[in-house]
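Undergrad: Sharing a structure, written as structure tokens. Questions coming.
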Amino acid sequence: MAGKNQTLILEFLLLGLPISSEYHLLFYALLLAMYLTTLLGNLLIILLVRLDSHLHTPMYLFLSNLSFSDLCFSSVTIPKLLQNMQSQVPTISYAGCLTQLYFFMFFGDMESFLLVVMAYDRYVAICFPLHYTSIMSTKFCVLLVLLLWMLTISHALLHTLLMARLSFCENNVILHFFCDISALLKLSCSDTYVNELMIFIMGGIISIIPFLLIVMSYVRIFFSILKVPSSQDIHKVFSTCGSHLSVVTLFYGTIIGLYLCPSGNNSTVKEISMAMMYTVVTPMLNPFIYSLRNRDMKRALIRVIFSKKISL
């Protein structure tokens with residue numbers, strides 16, 4: 001595969017998880033369990049929002065889109081990782097690698113935008129309850145979701161096309177468990193300045209600005225709730241918002257640390273561990289944090305179960 005043209009690289013070798021062989025089966029079982037939990041949790045939310053008319057509101061429209069995004073985000077990387085863990089030669093084709101990169105960025109961007117929209121939805125609902133229905137109208141929410149899809153498609157396509165123009169010469173071993181954009185740039189024998197510049201510029205728009213907007217929304221919510229005399233309501237909102245912020249910080253913190261503030265001292269093990277946080281852990285936690293703890297979701301689940309029993 002030696003050469004100077006990227007077409008000579010027909011496939012890449014994925015390093016996978018840097019674990020010893022004695023823990024291989026344990027990690028395989030753990031990842032499989034986490035992936036199945038992610039699938040079941042997010043599918044349940046999508047089905048409940050679809051089947052229960054009481055959940056046809058802006059908040060649950062965003063939640064169902066987040067669940068779909070989480071489900072796809074994990075499915076872009078984890079099935080291939082599980083397959084490669086059972087393979088003697090963990091390869092991925094050049095076209096498959098670019099495809100994985102595109103969908104990874106697409107659903108990652110979608111999750112980032114949806115977290116911002118959901119924080120804004122909570123901000124309007126708590127701080128401006130009387131104007132909520134007029135601000136978060138159905139038409140506005142649908143147009144907002146369509147806009148998010150267009151933005152994520154454009155951003156993912158931009159980085160994929162920039163990656164496709166690069167040449168890959170001799171080394172085809174990706175020191176990661178998926179086709180990560182930073183890992184691919186390290187393999188390229190072309191000038192990657194434009195790619196790195198776009199990661200820095202667009203990364204700020206996709207990651208840092210949304211994270212700051214989310215924090216600002218929750219700060220406004222905190223100050224608004226402090227004016228409420230009921231200590232029970234304050235405790236409830238602080239508990240809910242605190243759990244939301246913990247997941248948001250985990251998601252954005254690892255992404256910003258990996259792509260926008262990379263350290264020269266970062267080892268492969270550290271980078272892979274951080275990537276596991278936002279590709280595996282966050283999509284698994286989101287259904288529990290945002291939805292399944294929600295009283296409306298629990299009631300919807302009971303209504304759906306009992307309606308099915310009655311129909312039978």
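Labeling convention for the structure tokens: chains A, B, ... as they appear, residues from 1 per chain, ligands from 1 in order of appearance.
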Near Ser188 in chain A, counting only C-alpha atoms, which residues have an atom at most 7 Å away, once you skip same-chain residues fewer than 3 positions from it, shown as a count of residues only?
TA: 5
Undergrad: Name the residues in contact with range 130-135 of chain A at a cut-off of 10 Å, using only C-alpha atoms, excluding same-chain residues fewer than 6 positions from it; report them as a list in words.
TA: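 Skipping anything fewer than 6 positions along the chain leaves Thr57, Pro58, Asp121, Arg122, Tyr123, Val124 and Cys141 of chain A.
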Undergrad: Kindly indicate which residue among A:Ser246, A:Ser20, A:Ser154, A:Ser267 lies nearest to Ile289 in chain A, using only C-alpha atoms for the distances.
TA: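 Closest to Ile289 in chain A, using only C-alpha atoms: A:Ser246.
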Undergrad: Mind the document's chain letters and residue numbers, and return as an MDAnalysis selection string the residues of range 24-183 of chain A that DSSP labels helix (DSSP H, G or I).
TA: chainID A and resid 24:51 53:55 58:85 94:127 129:135 138:164 181:183
Undergrad: List as a list in words the protein and nucleic acid residues near range 76-91 of chain A, meaning an atom at most 9 Å away when only C-alpha atoms are counted, but skip any in the same chain fewer than 4 places from it.
TA: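 In the requested form, the answer reads Glu11, Phe12, Leu13, Leu14, Leu15, Gly16, Leu17, His24, Leu25, Tyr28, Leu31, Leu32, Tyr35, Leu71, Cys72, Gln100, Leu101, Phe103, Phe104, Phe107, Phe177, Phe178, Cys179, Thr279 and Val280 of chain A.
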Undergrad: Next, dump the selected residues to file, keeping only C-alpha atoms, as a tab-separated table (two decimals), in the first residue's frame.
TA:
```
chain	number	residue	atom	x	y	z
A	11	GLU	CA	-8.85	0.06	3.59
A	12	PHE	CA	-7.78	1.08	7.07
A	13	LEU	CA	-6.96	-0.99	10.12
A	14	LEU	CA	-8.76	0.13	13.28
A	15	LEU	CA	-6.71	-0.23	16.46
A	16	GLY	CA	-9.85	-0.66	18.57
A	17	LEU	CA	-9.77	-0.56	22.35
A	24	HIS	CA	-11.44	-8.73	25.90
A	25	LEU	CA	-14.59	-10.76	26.55
A	28	TYR	CA	-17.22	-6.96	24.68
A	31	LEU	CA	-20.20	-2.66	25.38
A	32	LEU	CA	-22.91	-4.93	24.00
A	35	TYR	CA	-25.44	-0.55	23.29
A	71	LEU	CA	-29.72	5.80	18.73
A	72	CYS	CA	-28.07	6.52	15.37
A	100	GLN	CA	-18.73	6.51	9.07
A	101	LEU	CA	-17.07	9.92	9.51
A	103	PHE	CA	-22.73	10.05	9.87
A	104	PHE	CA	-20.69	10.36	13.06
A	107	PHE	CA	-25.59	12.79	14.42
A	177	PHE	CA	-11.93	2.39	17.44
A	178	PHE	CA	-13.65	4.37	14.66
A	179	CYS	CA	-12.74	6.75	11.85
A	279	THR	CA	-20.13	8.05	21.88
A	280	VAL	CA	-21.27	5.34	24.32
```
Undergrad: Between A:Ala125, A:Met202, A:Leu175, A:Leu40, which one has atoms that come closest to Ser224 in chain A, using only C-alpha atoms?
TA: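 Closest candidate: A:Ala125.
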Undergrad: Can you measure CA of Val215 in chain A to CA of Gly242 in chain A for me? One decimal in Å is fine.
TA: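 So the answer is 10.9 Å.
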Undergrad: From range 46-217 of chain A, collect each residue whose DSSP state is strand (DSSP E or B) and return the set as a list in words.
TA: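 Matching residues, listed in order: Thr91, Ile92, Ser93, Val173 and Ile174 of chain A.
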Undergrad: Store the residues of this selection in a file with all heavy atoms, as a tab-separated table (two decimals), in the first residue's frame.
TA:
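Result written to out.tsv:
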```
chain	number	residue	atom	x	y	z
A	91	THR	N	-10.67	-4.36	9.99
A	91	THR	CA	-10.51	-3.40	8.90
A	91	THR	C	-11.81	-2.65	8.63
A	91	THR	O	-12.90	-3.07	9.01
A	91	THR	CB	-10.09	-4.12	7.60
A	91	THR	OG1	-11.11	-5.06	7.23
A	91	THR	CG2	-8.77	-4.84	7.79
A	92	ILE	N	-11.65	-1.54	7.91
A	92	ILE	CA	-12.79	-0.78	7.37
A	92	ILE	C	-12.34	-0.19	6.05
A	92	ILE	O	-11.20	0.28	5.91
A	92	ILE	CB	-13.25	0.33	8.35
A	92	ILE	CG1	-14.51	1.01	7.82
A	92	ILE	CG2	-12.14	1.35	8.60
A	92	ILE	CD1	-15.17	1.96	8.82
A	93	SER	N	-13.18	-0.27	5.04
A	93	SER	CA	-12.81	0.23	3.71
A	93	SER	C	-12.67	1.74	3.72
A	93	SER	O	-13.20	2.43	4.61
A	93	SER	CB	-13.86	-0.19	2.67
A	93	SER	OG	-15.10	0.45	2.94
A	173	VAL	N	-3.00	2.46	9.65
A	173	VAL	CA	-3.48	2.01	10.95
A	173	VAL	C	-4.06	3.21	11.71
A	173	VAL	O	-3.33	4.14	12.07
A	173	VAL	CB	-2.36	1.36	11.78
A	173	VAL	CG1	-2.89	0.91	13.15
A	173	VAL	CG2	-1.77	0.18	11.03
A	174	ILE	N	-5.37	3.20	11.93
A	174	ILE	CA	-6.04	4.26	12.67
A	174	ILE	C	-5.98	3.93	14.16
A	174	ILE	O	-6.51	2.91	14.60
A	174	ILE	CB	-7.52	4.41	12.23
A	174	ILE	CG1	-7.59	4.76	10.75
A	174	ILE	CG2	-8.22	5.48	13.06
A	174	ILE	CD1	-9.00	4.83	10.20
```
Undergrad: For a test of reading the model, state the distance in Å between CA of Cys127 in chain A and CA of Ile221 in chain A, rounded to one decimal.
TA: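 Separating CA of Cys127 in chain A from CA of Ile221 in chain A is a distance of 6.6 Å.
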Undergrad: My list of candidates is A:Lys227, A:Ala275, A:Asn42, A:Phe27. Which is closest to Leu250 in chain A when distances are computed with only C-alpha atoms?
TA: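 For Leu250 in chain A, the nearest of the candidates is A:Ala275.
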Undergrad: What's the separation between CA of Lys298 in chain A and CA of Met118 in chain A, in Å to one decimal place?
TA: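 Atom-to-atom, CA of Lys298 in chain A and CA of Met118 in chain A are spaced 19.5 Å apart.
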